[in-house]
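S.K.: Below is the file data_3.pdb, which contains PDB, C-alpha atoms.
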MODEL        1
ATOM      1  CA  MET A   1       0.000   0.000   0.000  1.00  0.00           C
ATOM      2  CA  PRO A   2       1.698   3.240  -1.065  1.00  0.00           C
ATOM      3  CA  VAL A   3       2.356   5.723   1.690  1.00  0.00           C
ATOM      4  CA  HIS A   4       1.255   9.204   0.731  1.00  0.00           C
ATOM      5  CA  GLU A   5       2.246  10.982   3.912  1.00  0.00           C
ATOM      6  CA  GLN A   6       4.193  10.092   6.987  1.00  0.00           C
ATOM      7  CA  PHE A   7       5.415  12.474   9.644  1.00  0.00           C
ATOM      8  CA  GLU A   8       5.911  12.952  13.318  1.00  0.00           C
ATOM      9  CA  VAL A   9       5.796  16.290  15.115  1.00  0.00           C
ATOM     10  CA  ILE A  10       6.154  17.388  18.702  1.00  0.00           C
ATOM     11  CA  ILE A  11       3.892  20.291  19.525  1.00  0.00           C
ATOM     12  CA  PRO A  12       3.541  22.466  22.629  1.00  0.00           C
ATOM     13  CA  SER A  13       0.449  22.276  24.830  1.00  0.00           C
ATOM     14  CA  ASP A  14      -1.241  24.954  22.778  1.00  0.00           C
ATOM     15  CA  THR A  15      -4.534  24.512  20.945  1.00  0.00           C
ATOM     16  CA  GLU A  16      -3.343  26.639  18.030  1.00  0.00           C
ATOM     17  CA  ALA A  17      -0.487  24.219  17.456  1.00  0.00           C
ATOM     18  CA  GLY A  18      -3.014  21.401  17.579  1.00  0.00           C
ATOM     19  CA  GLN A  19      -5.148  23.157  14.971  1.00  0.00           C
ATOM     20  CA  ALA A  20      -2.131  23.470  12.657  1.00  0.00           C
ATOM     21  CA  VAL A  21      -1.472  19.718  12.772  1.00  0.00           C
ATOM     22  CA  GLN A  22      -5.161  19.049  12.267  1.00  0.00           C
ATOM     23  CA  GLU A  23      -5.157  21.305   9.208  1.00  0.00           C
ATOM     24  CA  ARG A  24      -2.080  19.590   7.789  1.00  0.00           C
ATOM     25  CA  ILE A  25      -3.646  16.140   8.038  1.00  0.00           C
ATOM     26  CA  VAL A  26      -7.081  17.178   6.782  1.00  0.00           C
ATOM     27  CA  SER A  27      -5.619  19.057   3.814  1.00  0.00           C
ATOM     28  CA  ARG A  28      -3.687  15.960   2.797  1.00  0.00           C
ATOM     29  CA  LEU A  29      -6.813  13.800   2.995  1.00  0.00           C
ATOM     30  CA  GLU A  30      -8.659  16.325   0.833  1.00  0.00           C
ATOM     31  CA  SER A  31      -5.868  16.263  -1.763  1.00  0.00           C
ATOM     32  CA  LEU A  32      -6.191  12.466  -1.824  1.00  0.00           C
ATOM     33  CA  GLU A  33      -9.920  12.887  -2.412  1.00  0.00           C
ATOM     34  CA  TYR A  34     -11.135  11.232   0.753  1.00  0.00           C
ATOM     35  CA  SER A  35     -14.891  11.851   0.900  1.00  0.00           C
ATOM     36  CA  VAL A  36     -16.430  14.952   2.455  1.00  0.00           C
ATOM     37  CA  ARG A  37     -17.913  12.774   5.159  1.00  0.00           C
ATOM     38  CA  ASP A  38     -14.574  11.097   5.937  1.00  0.00           C
ATOM     39  CA  VAL A  39     -12.853  14.470   6.127  1.00  0.00           C
ATOM     40  CA  PHE A  40     -15.577  15.817   8.410  1.00  0.00           C
ATOM     41  CA  GLY A  41     -15.217  12.881  10.796  1.00  0.00           C
ATOM     42  CA  VAL A  42     -11.430  12.987  10.832  1.00  0.00           C
ATOM     43  CA  ARG A  43     -11.316  16.735  11.483  1.00  0.00           C
ATOM     44  CA  LEU A  44     -13.764  16.405  14.358  1.00  0.00           C
ATOM     45  CA  ALA A  45     -11.986  13.379  15.868  1.00  0.00           C
ATOM     46  CA  LEU A  46      -8.578  15.067  15.597  1.00  0.00           C
ATOM     47  CA  GLU A  47      -9.922  18.242  17.203  1.00  0.00           C
ATOM     48  CA  GLU A  48     -11.341  16.288  20.127  1.00  0.00           C
ATOM     49  CA  ALA A  49      -8.266  14.067  20.578  1.00  0.00           C
ATOM     50  CA  LEU A  50      -5.780  16.932  20.348  1.00  0.00           C
ATOM     51  CA  VAL A  51      -7.752  19.147  22.747  1.00  0.00           C
ATOM     52  CA  ASN A  52      -7.963  16.183  25.130  1.00  0.00           C
ATOM     53  CA  ALA A  53      -4.190  15.721  25.006  1.00  0.00           C
ATOM     54  CA  ILE A  54      -3.364  19.413  25.300  1.00  0.00           C
ATOM     55  CA  LYS A  55      -6.001  20.515  27.795  1.00  0.00           C
ATOM     56  CA  HIS A  56      -6.863  17.448  29.847  1.00  0.00           C
ATOM     57  CA  GLY A  57      -3.725  15.347  29.437  1.00  0.00           C
ATOM     58  CA  ASN A  58      -1.077  18.051  29.709  1.00  0.00           C
ATOM     59  CA  GLY A  59      -3.251  20.555  31.567  1.00  0.00           C
ATOM     60  CA  LEU A  60      -2.074  23.271  29.142  1.00  0.00           C
ATOM     61  CA  ASP A  61       1.311  23.041  30.872  1.00  0.00           C
ATOM     62  CA  PRO A  62       3.813  24.929  28.691  1.00  0.00           C
ATOM     63  CA  ASP A  63       6.536  22.527  29.853  1.00  0.00           C
ATOM     64  CA  LYS A  64       4.692  19.543  28.405  1.00  0.00           C
ATOM     65  CA  THR A  65       4.424  18.509  24.767  1.00  0.00           C
ATOM     66  CA  VAL A  66       2.221  16.341  22.578  1.00  0.00           C
ATOM     67  CA  ARG A  67       3.663  13.891  20.045  1.00  0.00           C
ATOM     68  CA  VAL A  68       1.642  13.386  16.871  1.00  0.00           C
ATOM     69  CA  ASN A  69       2.561  10.636  14.443  1.00  0.00           C
ATOM     70  CA  CYS A  70       0.667  10.458  11.179  1.00  0.00           C
ATOM     71  CA  LEU A  71       0.525   7.877   8.403  1.00  0.00           C
ATOM     72  CA  ILE A  72      -1.694   8.277   5.355  1.00  0.00           C
ATOM     73  CA  GLU A  73      -2.078   5.513   2.794  1.00  0.00           C
ATOM     74  CA  ASP A  74      -4.489   5.156  -0.090  1.00  0.00           C
ATOM     75  CA  ASP A  75      -7.240   3.770   2.075  1.00  0.00           C
ATOM     76  CA  LEU A  76      -6.114   4.381   5.616  1.00  0.00           C
ATOM     77  CA  LEU A  77      -5.281   7.222   7.963  1.00  0.00           C
ATOM     78  CA  ARG A  78      -3.498   6.394  11.206  1.00  0.00           C
ATOM     79  CA  VAL A  79      -2.757   9.051  13.789  1.00  0.00           C
ATOM     80  CA  GLU A  80      -1.063   8.481  17.110  1.00  0.00           C
ATOM     81  CA  ILE A  81      -1.346  11.212  19.751  1.00  0.00           C
ATOM     82  CA  GLU A  82       0.624  11.006  22.979  1.00  0.00           C
ATOM     83  CA  ASP A  83       0.684  13.548  25.801  1.00  0.00           C
ATOM     84  CA  GLN A  84       2.958  13.803  28.828  1.00  0.00           C
ATOM     85  CA  GLY A  85       0.181  13.824  31.361  1.00  0.00           C
ATOM     86  CA  PRO A  86      -0.700  11.288  34.049  1.00  0.00           C
ATOM     87  CA  GLY A  87      -3.239   9.489  31.869  1.00  0.00           C
ATOM     88  CA  PHE A  88      -6.748   8.549  32.876  1.00  0.00           C
ATOM     89  CA  ASN A  89      -8.963   5.553  33.566  1.00  0.00           C
ATOM     90  CA  MET A  90     -11.309   4.955  30.626  1.00  0.00           C
ATOM     91  CA  GLY A  91     -13.632   3.067  32.931  1.00  0.00           C
ATOM     92  CA  GLU A  92     -14.227   6.245  34.920  1.00  0.00           C
ATOM     93  CA  VAL A  93     -15.432   8.268  31.932  1.00  0.00           C
ATOM     94  CA  PRO A  94     -19.187   8.661  32.367  1.00  0.00           C
ATOM     95  CA  ASP A  95     -21.587   7.958  29.502  1.00  0.00           C
ATOM     96  CA  PRO A  96     -22.530  11.414  28.179  1.00  0.00           C
ATOM     97  CA  THR A  97     -25.775  10.059  26.736  1.00  0.00           C
ATOM     98  CA  ALA A  98     -27.087   8.832  30.092  1.00  0.00           C
ATOM     99  CA  GLU A  99     -30.066  10.887  31.272  1.00  0.00           C
ATOM    100  CA  GLU A 100     -28.218  12.240  34.279  1.00  0.00           C
ATOM    101  CA  ASN A 101     -25.308  13.423  32.112  1.00  0.00           C
ATOM    102  CA  LEU A 102     -27.130  14.860  29.112  1.00  0.00           C
ATOM    103  CA  GLU A 103     -27.034  18.400  30.434  1.00  0.00           C
ATOM    104  CA  ARG A 104     -23.401  18.366  31.464  1.00  0.00           C
ATOM    105  CA  PRO A 105     -21.423  20.824  29.336  1.00  0.00           C
ATOM    106  CA  CYS A 106     -18.459  18.455  28.873  1.00  0.00           C
ATOM    107  CA  GLY A 107     -17.535  14.790  28.459  1.00  0.00           C
ATOM    108  CA  ARG A 108     -18.471  14.096  24.835  1.00  0.00           C
ATOM    109  CA  GLY A 109     -15.064  14.139  23.180  1.00  0.00           C
ATOM    110  CA  ILE A 110     -14.207  10.443  23.387  1.00  0.00           C
ATOM    111  CA  MET A 111     -17.687   9.403  22.277  1.00  0.00           C
ATOM    112  CA  LEU A 112     -17.390  11.588  19.177  1.00  0.00           C
ATOM    113  CA  ILE A 113     -13.903  10.273  18.403  1.00  0.00           C
ATOM    114  CA  LYS A 114     -15.160   6.687  18.551  1.00  0.00           C
ATOM    115  CA  SER A 115     -18.247   7.515  16.472  1.00  0.00           C
ATOM    116  CA  PHE A 116     -16.341   8.970  13.546  1.00  0.00           C
ATOM    117  CA  MET A 117     -13.187   6.832  13.407  1.00  0.00           C
ATOM    118  CA  THR A 118     -12.980   3.193  12.249  1.00  0.00           C
ATOM    119  CA  ASN A 119     -10.816   2.161  15.176  1.00  0.00           C
ATOM    120  CA  VAL A 120      -9.690   3.899  18.372  1.00  0.00           C
ATOM    121  CA  GLU A 121      -7.263   2.451  20.892  1.00  0.00           C
ATOM    122  CA  TYR A 122      -5.939   3.951  24.106  1.00  0.00           C
ATOM    123  CA  ASN A 123      -2.896   2.593  25.898  1.00  0.00           C
ATOM    124  CA  ALA A 124      -3.369   1.273  29.420  1.00  0.00           C
ATOM    125  CA  LYS A 125      -2.144   4.501  31.024  1.00  0.00           C
ATOM    126  CA  GLY A 126      -4.470   6.627  28.933  1.00  0.00           C
ATOM    127  CA  ASN A 127      -1.956   9.150  27.639  1.00  0.00           C
ATOM    128  CA  ARG A 128      -1.676   7.735  24.124  1.00  0.00           C
ATOM    129  CA  VAL A 129      -4.402   7.133  21.564  1.00  0.00           C
ATOM    130  CA  VAL A 130      -4.258   5.638  18.095  1.00  0.00           C
ATOM    131  CA  LEU A 131      -6.967   6.763  15.688  1.00  0.00           C
ATOM    132  CA  GLU A 132      -7.577   4.887  12.452  1.00  0.00           C
ATOM    133  CA  LYS A 133      -9.903   5.835   9.644  1.00  0.00           C
ATOM    134  CA  LYS A 134     -10.455   3.547   6.667  1.00  0.00           C
ATOM    135  CA  ARG A 135     -11.437   5.375   3.511  1.00  0.00           C
ATOM    136  CA  SER A 136     -15.181   5.023   2.924  1.00  0.00           C
ATOM    137  CA  PRO A 137     -16.165   3.376  -0.373  1.00  0.00           C
ATOM    138  CA  ALA A 138     -17.044   5.763  -3.185  1.00  0.00           C
TER     139      ALA A 138
ATOM    140  CA  MET B   1     -22.283  42.173  23.442  1.00  0.00           C
ATOM    141  CA  SER B   2     -19.338  40.745  25.374  1.00  0.00           C
ATOM    142  CA  SER B   3     -15.738  41.542  24.561  1.00  0.00           C
ATOM    143  CA  GLY B   4     -14.019  39.893  21.608  1.00  0.00           C
ATOM    144  CA  GLN B   5     -14.733  40.136  17.921  1.00  0.00           C
ATOM    145  CA  ARG B   6     -18.400  39.743  17.023  1.00  0.00           C
ATOM    146  CA  ARG B   7     -19.151  36.087  16.358  1.00  0.00           C
ATOM    147  CA  LEU B   8     -22.917  36.361  15.898  1.00  0.00           C
ATOM    148  CA  ASP B   9     -24.982  38.327  13.405  1.00  0.00           C
ATOM    149  CA  ILE B  10     -28.076  39.447  15.267  1.00  0.00           C
ATOM    150  CA  GLU B  11     -31.371  40.537  13.774  1.00  0.00           C
ATOM    151  CA  GLU B  12     -34.875  40.940  15.132  1.00  0.00           C
ATOM    152  CA  ILE B  13     -37.692  39.333  13.201  1.00  0.00           C
ATOM    153  CA  GLY B  14     -41.189  39.815  14.560  1.00  0.00           C
ATOM    154  CA  GLY B  15     -40.042  40.075  18.157  1.00  0.00           C
ATOM    155  CA  VAL B  16     -37.691  37.094  17.833  1.00  0.00           C
ATOM    156  CA  THR B  17     -33.908  37.436  18.073  1.00  0.00           C
ATOM    157  CA  VAL B  18     -32.249  35.502  15.249  1.00  0.00           C
ATOM    158  CA  ALA B  19     -28.554  34.964  15.950  1.00  0.00           C
ATOM    159  CA  LYS B  20     -26.562  33.629  13.030  1.00  0.00           C
ATOM    160  CA  PHE B  21     -23.076  32.208  13.620  1.00  0.00           C
ATOM    161  CA  VAL B  22     -20.447  33.900  11.454  1.00  0.00           C
ATOM    162  CA  ASP B  23     -17.846  31.115  11.716  1.00  0.00           C
ATOM    163  CA  LYS B  24     -17.777  28.064   9.467  1.00  0.00           C
ATOM    164  CA  LYS B  25     -15.645  26.193  11.968  1.00  0.00           C
ATOM    165  CA  ILE B  26     -16.572  26.444  15.629  1.00  0.00           C
ATOM    166  CA  LEU B  27     -13.506  24.587  16.876  1.00  0.00           C
ATOM    167  CA  ASP B  28     -10.952  26.952  18.355  1.00  0.00           C
ATOM    168  CA  GLU B  29     -11.179  27.147  22.173  1.00  0.00           C
ATOM    169  CA  THR B  30     -10.733  30.921  22.358  1.00  0.00           C
ATOM    170  CA  ASN B  31     -13.327  31.429  19.663  1.00  0.00           C
ATOM    171  CA  ILE B  32     -15.742  29.099  21.446  1.00  0.00           C
ATOM    172  CA  GLN B  33     -15.245  31.056  24.645  1.00  0.00           C
ATOM    173  CA  ASN B  34     -16.123  34.300  22.812  1.00  0.00           C
ATOM    174  CA  ILE B  35     -19.124  32.703  21.127  1.00  0.00           C
ATOM    175  CA  GLY B  36     -20.335  31.424  24.477  1.00  0.00           C
ATOM    176  CA  ASN B  37     -20.012  34.849  26.086  1.00  0.00           C
ATOM    177  CA  GLN B  38     -21.897  36.497  23.249  1.00  0.00           C
ATOM    178  CA  LEU B  39     -24.660  33.890  23.387  1.00  0.00           C
ATOM    179  CA  PHE B  40     -25.038  34.192  27.155  1.00  0.00           C
ATOM    180  CA  ALA B  41     -25.182  38.000  26.906  1.00  0.00           C
ATOM    181  CA  LEU B  42     -28.340  37.680  24.830  1.00  0.00           C
ATOM    182  CA  VAL B  43     -30.055  36.289  27.917  1.00  0.00           C
ATOM    183  CA  ASP B  44     -28.056  37.672  30.854  1.00  0.00           C
ATOM    184  CA  GLU B  45     -27.515  41.217  29.602  1.00  0.00           C
ATOM    185  CA  ASP B  46     -30.159  41.828  26.960  1.00  0.00           C
ATOM    186  CA  GLY B  47     -32.973  39.775  28.511  1.00  0.00           C
ATOM    187  CA  ARG B  48     -34.141  38.479  25.141  1.00  0.00           C
ATOM    188  CA  LYS B  49     -37.115  36.161  25.446  1.00  0.00           C
ATOM    189  CA  LYS B  50     -37.238  34.389  22.098  1.00  0.00           C
ATOM    190  CA  ILE B  51     -33.999  33.325  20.473  1.00  0.00           C
ATOM    191  CA  VAL B  52     -33.316  31.362  17.295  1.00  0.00           C
ATOM    192  CA  LEU B  53     -29.750  30.197  16.627  1.00  0.00           C
ATOM    193  CA  ASP B  54     -29.098  29.856  12.897  1.00  0.00           C
ATOM    194  CA  PHE B  55     -26.379  27.354  11.959  1.00  0.00           C
ATOM    195  CA  SER B  56     -26.506  27.921   8.170  1.00  0.00           C
ATOM    196  CA  ILE B  57     -22.819  28.800   7.897  1.00  0.00           C
ATOM    197  CA  VAL B  58     -21.531  26.209  10.375  1.00  0.00           C
ATOM    198  CA  GLU B  59     -19.553  23.303   8.852  1.00  0.00           C
ATOM    199  CA  TYR B  60     -17.763  22.055  11.963  1.00  0.00           C
ATOM    200  CA  LEU B  61     -18.686  22.068  15.640  1.00  0.00           C
ATOM    201  CA  SER B  62     -16.648  20.585  18.479  1.00  0.00           C
ATOM    202  CA  SER B  63     -17.874  19.138  21.754  1.00  0.00           C
ATOM    203  CA  ALA B  64     -16.710  22.297  23.526  1.00  0.00           C
ATOM    204  CA  ALA B  65     -19.145  24.268  21.384  1.00  0.00           C
ATOM    205  CA  LEU B  66     -21.901  21.814  22.287  1.00  0.00           C
ATOM    206  CA  GLY B  67     -21.093  22.558  25.905  1.00  0.00           C
ATOM    207  CA  LYS B  68     -21.702  26.266  25.384  1.00  0.00           C
ATOM    208  CA  LEU B  69     -25.042  25.492  23.718  1.00  0.00           C
ATOM    209  CA  ILE B  70     -26.060  23.389  26.720  1.00  0.00           C
ATOM    210  CA  THR B  71     -25.167  26.198  29.104  1.00  0.00           C
ATOM    211  CA  MET B  72     -27.114  28.614  26.888  1.00  0.00           C
ATOM    212  CA  ASP B  73     -30.120  26.301  27.003  1.00  0.00           C
ATOM    213  CA  LYS B  74     -29.985  26.211  30.801  1.00  0.00           C
ATOM    214  CA  LYS B  75     -29.870  30.004  30.987  1.00  0.00           C
ATOM    215  CA  VAL B  76     -32.803  30.298  28.618  1.00  0.00           C
ATOM    216  CA  LYS B  77     -34.869  27.842  30.637  1.00  0.00           C
ATOM    217  CA  ALA B  78     -33.988  29.579  33.905  1.00  0.00           C
ATOM    218  CA  ALA B  79     -35.097  32.894  32.385  1.00  0.00           C
ATOM    219  CA  LYS B  80     -38.306  31.256  31.158  1.00  0.00           C
ATOM    220  CA  SER B  81     -37.342  32.252  27.630  1.00  0.00           C
ATOM    221  CA  LYS B  82     -37.432  30.191  24.439  1.00  0.00           C
ATOM    222  CA  LEU B  83     -34.579  28.871  22.334  1.00  0.00           C
ATOM    223  CA  ARG B  84     -34.642  27.106  18.991  1.00  0.00           C
ATOM    224  CA  LEU B  85     -31.854  25.925  16.709  1.00  0.00           C
ATOM    225  CA  CYS B  86     -32.229  25.848  12.937  1.00  0.00           C
ATOM    226  CA  CYS B  87     -30.520  25.224   9.599  1.00  0.00           C
ATOM    227  CA  ILE B  88     -28.172  22.553  10.917  1.00  0.00           C
ATOM    228  CA  ARG B  89     -26.298  20.619   8.208  1.00  0.00           C
ATOM    229  CA  PRO B  90     -26.766  16.805   8.180  1.00  0.00           C
ATOM    230  CA  GLU B  91     -23.204  16.063   9.390  1.00  0.00           C
ATOM    231  CA  ILE B  92     -23.604  18.467  12.304  1.00  0.00           C
ATOM    232  CA  TYR B  93     -27.078  17.147  13.086  1.00  0.00           C
ATOM    233  CA  GLU B  94     -25.530  13.686  13.282  1.00  0.00           C
ATOM    234  CA  VAL B  95     -23.300  15.006  16.079  1.00  0.00           C
ATOM    235  CA  PHE B  96     -26.432  16.132  17.952  1.00  0.00           C
ATOM    236  CA  GLU B  97     -27.966  12.681  17.397  1.00  0.00           C
ATOM    237  CA  ILE B  98     -24.882  10.742  18.505  1.00  0.00           C
ATOM    238  CA  THR B  99     -24.715  12.763  21.712  1.00  0.00           C
ATOM    239  CA  ARG B 100     -28.533  12.639  22.112  1.00  0.00           C
ATOM    240  CA  LEU B 101     -28.575  16.410  22.306  1.00  0.00           C
ATOM    241  CA  ASN B 102     -31.305  16.409  19.680  1.00  0.00           C
ATOM    242  CA  LYS B 103     -33.541  15.444  22.635  1.00  0.00           C
ATOM    243  CA  ILE B 104     -32.517  18.508  24.635  1.00  0.00           C
ATOM    244  CA  PHE B 105     -32.767  21.175  21.960  1.00  0.00           C
ATOM    245  CA  ASP B 106     -35.742  22.269  19.889  1.00  0.00           C
ATOM    246  CA  ILE B 107     -34.281  21.905  16.387  1.00  0.00           C
ATOM    247  CA  LYS B 108     -36.011  23.007  13.190  1.00  0.00           C
ATOM    248  CA  SER B 109     -34.913  22.562   9.581  1.00  0.00           C
ATOM    249  CA  THR B 110     -35.420  26.135   8.416  1.00  0.00           C
ATOM    250  CA  GLN B 111     -35.457  29.604   9.927  1.00  0.00           C
ATOM    251  CA  GLU B 112     -39.107  29.949   8.895  1.00  0.00           C
ATOM    252  CA  GLU B 113     -40.077  26.853  10.876  1.00  0.00           C
ATOM    253  CA  ALA B 114     -38.028  28.055  13.842  1.00  0.00           C
ATOM    254  CA  LEU B 115     -39.792  31.425  13.865  1.00  0.00           C
ATOM    255  CA  GLU B 116     -43.251  29.920  13.605  1.00  0.00           C
ATOM    256  CA  GLY B 117     -45.030  29.778  16.907  1.00  0.00           C
ATOM    257  CA  ILE B 118     -41.963  30.363  19.063  1.00  0.00           C
TER     258      ILE B 118
ENDMDL
END
Could I get this structure in the form of structure tokens?

M.R.:
Amino acid sequence: MPVHEQFEVIIPSDTEAGQAVQERIVSRLESLEYSVRDVFGVRLALEEALVNAIKHGNGLDPDKTVRVNCLIEDDLLRVEIEDQGPGFNMGEVPDPTAEENLERPCGRGIMLIKSFMTNVEYNAKGNRVVLEKKRSPA
Amino acid sequence: MSSGQRRLDIEEIGGVTVAKFVDKKILDETNIQNIGNQLFALVDEDGRKKIVLDFSIVEYLSSAALGKLITMDKKVKAAKSKLRLCCIRPEIYEVFEITRLNKIFDIKSTQEEALEGI
């Protein structure tokens, strides 16, 4: 499978830096004519995952960084995002769609990531996530 | 209107405040903060009783933006005012469905439907 793009960057705990990486990846997918729907889902998932790493993982600490590794093939996008924070317990993340949580202003990021990506895997510590998106059929 | 560049186009139609987002992408945290402040001011500062939020321009919306909408909805309910959302694109509406927020908000397809009977 030909590799169209492969890079790794280390960014500061700054949401603008996260947006720049997001833009780089999404632009490449658009140039490879991934569908509008695929691009929508990837942009949203990247936004949520990067904000999670920067804001919740690293606590916006300027001394902490986020590593982003990206691989784009014909039919597959794979992005690995790792922060330098303490991690979290996935089991303790409440279901945002439960009645008692519906009106909470936060807690939907992971649900949206999982809804729009083909595969999502967190490491045991919770400070690294791998997002995969298979190109949707034409 | 709160500080920060204007992020909503406001007009009054028949006693209803129609607030149209000016941003295609409601993703950036700082921007979302400004949008939130400007939305809340409609209720907290201006005391508007009937508000329609028009999403015609919006192509992307993050969960942080959803959070601001939820807070807005709470303020509106506390003020015994009315809030409707309209003109939401299918991909964005899917986000409301996935998060079940389509059950919380009164969402209409068009601005005309949103204005009717509010």

S.K.: Residues within 9 Å of Met1 of chain A, please, as a PyMOL selection string. Count only C-alpha atoms; anything in the same chain fewer than 5 positions from it doesn't count.

M.R.: chain A and resi 73-75

S.K.: Need to verify the contact set: Thr17 of chain B, 10 Å, only C-alpha atoms, exclusion of same-chain residues closer than 3 positions in sequence. Can you return it as a PDB file with C-alpha atoms, in the frame of the given file?

M.R.:
ATOM      1  CA  ILE B  10     -28.076  39.447  15.267  1.00  0.00           C
ATOM      2  CA  GLU B  11     -31.371  40.537  13.774  1.00  0.00           C
ATOM      3  CA  GLU B  12     -34.875  40.940  15.132  1.00  0.00           C
ATOM      4  CA  ILE B  13     -37.692  39.333  13.201  1.00  0.00           C
ATOM      5  CA  GLY B  14     -41.189  39.815  14.560  1.00  0.00           C
ATOM      6  CA  LYS B  20     -26.562  33.629  13.030  1.00  0.00           C
ATOM      7  CA  LEU B  42     -28.340  37.680  24.830  1.00  0.00           C
ATOM      8  CA  ARG B  48     -34.141  38.479  25.141  1.00  0.00           C
ATOM      9  CA  LYS B  49     -37.115  36.161  25.446  1.00  0.00           C
ATOM     10  CA  LYS B  50     -37.238  34.389  22.098  1.00  0.00           C
ATOM     11  CA  ILE B  51     -33.999  33.325  20.473  1.00  0.00           C
ATOM     12  CA  VAL B  52     -33.316  31.362  17.295  1.00  0.00           C
ATOM     13  CA  LEU B  53     -29.750  30.197  16.627  1.00  0.00           C
ATOM     14  CA  LEU B  83     -34.579  28.871  22.334  1.00  0.00           C
ATOM     15  CA  LEU B 115     -39.792  31.425  13.865  1.00  0.00           C
TER      16      LEU B 115
END

S.K.: Please check the contacts: residues of chain B at most 9 Å away from chain A, using only C-alpha atoms, listed as a count of residues only.

M.R.: 24

S.K.: Please report the interatomic distance between atom CA of Asn102 of chain B and atom CA of Asp23 of chain B in Å with one decimal.

M.R.: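 Separation of atom CA of Asn102 of chain B and atom CA of Asp23 of chain B: 21.5 Å.
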
S.K.: Which is closer to Lys133 of chain A than all the others in A:Ser27, A:Ser35, A:Gln6, A:Gln84, using all atoms listed in the file?

M.R.: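 Comparing A:Ser27, A:Ser35, A:Gln6, A:Gln84 against Lys133 of chain A, the winner is A:Ser35.
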
S.K.: List as an mmCIF file with C-alpha atoms, in the coordinates of the input the residues having at least one atom at most 12 Å from position (-45.3, 30.6, 16.0) as given in the file, counting only C-alpha atoms.

M.R.:
data_model
loop_
_atom_site.group_PDB
_atom_site.id
_atom_site.type_symbol
_atom_site.label_atom_id
_atom_site.label_comp_id
_atom_site.auth_asym_id
_atom_site.auth_seq_id
_atom_site.Cartn_x
_atom_site.Cartn_y
_atom_site.Cartn_z
ATOM 1 C CA ILE B 13 -37.692 39.333 13.201
ATOM 2 C CA GLY B 14 -41.189 39.815 14.560
ATOM 3 C CA GLY B 15 -40.042 40.075 18.157
ATOM 4 C CA VAL B 16 -37.691 37.094 17.833
ATOM 5 C CA LYS B 50 -37.238 34.389 22.098
ATOM 6 C CA LYS B 82 -37.432 30.191 24.439
ATOM 7 C CA ARG B 84 -34.642 27.106 18.991
ATOM 8 C CA GLN B 111 -35.457 29.604 9.927
ATOM 9 C CA GLU B 112 -39.107 29.949 8.895
ATOM 10 C CA GLU B 113 -40.077 26.853 10.876
ATOM 11 C CA ALA B 114 -38.028 28.055 13.842
ATOM 12 C CA LEU B 115 -39.792 31.425 13.865
ATOM 13 C CA GLU B 116 -43.251 29.920 13.605
ATOM 14 C CA GLY B 117 -45.030 29.778 16.907
ATOM 15 C CA ILE B 118 -41.963 30.363 19.063
#

S.K.: Leaving out Thr110 of chain B and any residue of its chain fewer than 3 positions from it, which residues lie within 10 Å of it when counting all atoms listed in the file, given as a ChimeraX atom specification?

M.R.: /B:54-56,85-88,107,113-115

S.K.: With C-alpha atoms retained, export the selected residues as a PDB file, keeping the file's coordinate frame.

M.R.:
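Resulting contents of part.pdb:
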ATOM      1  CA  ASP B  54     -29.098  29.856  12.897  1.00  0.00           C
ATOM      2  CA  PHE B  55     -26.379  27.354  11.959  1.00  0.00           C
ATOM      3  CA  SER B  56     -26.506  27.921   8.170  1.00  0.00           C
ATOM      4  CA  LEU B  85     -31.854  25.925  16.709  1.00  0.00           C
ATOM      5  CA  CYS B  86     -32.229  25.848  12.937  1.00  0.00           C
ATOM      6  CA  CYS B  87     -30.520  25.224   9.599  1.00  0.00           C
ATOM      7  CA  ILE B  88     -28.172  22.553  10.917  1.00  0.00           C
ATOM      8  CA  ILE B 107     -34.281  21.905  16.387  1.00  0.00           C
ATOM      9  CA  GLU B 113     -40.077  26.853  10.876  1.00  0.00           C
ATOM     10  CA  ALA B 114     -38.028  28.055  13.842  1.00  0.00           C
ATOM     11  CA  LEU B 115     -39.792  31.425  13.865  1.00  0.00           C
TER      12      LEU B 115
END

S.K.: Point out the residue among B:Asn37, B:Glu45, B:Ile57, B:Gln5 with the least atom-to-atom distance to Phe21 of chain B, counting all atoms listed in the file.

M.R.: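 Closest to Phe21 of chain B, using all atoms listed in the file: B:Ile57.
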
S.K.: Residues picked by the PyMOL selection byres ((chain A and resi 62) around 8) here, as a list in words?

M.R.: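 Answer for the PyMOL selection byres ((chain A and resi 62) around 8): Pro12, Ser13, Asp14, Leu60, Asp61, Asp63, Lys64 and Thr65 of chain A.
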
S.K.: Provide the atom CA of Phe96 of chain B to atom CA of Lys75 of chain B distance in Å, to one decimal place.

M.R.: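 These atoms are spaced 19.3 Å apart.
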
S.K.: Could you list, as a list in words, every residue matched by the PyMOL selection byres ((chain A and resi 34) around 10) in this structure?

M.R.: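 Applying the PyMOL selection byres ((chain A and resi 34) around 10) to the structure shown produces Val26, Arg28, Leu29, Glu30, Ser31, Leu32, Glu33, Ser35, Val36, Arg37, Asp38, Val39, Phe40, Asp74, Asp75, Leu76, Lys134, Arg135, Ser136, Pro137 and Ala138 of chain A.
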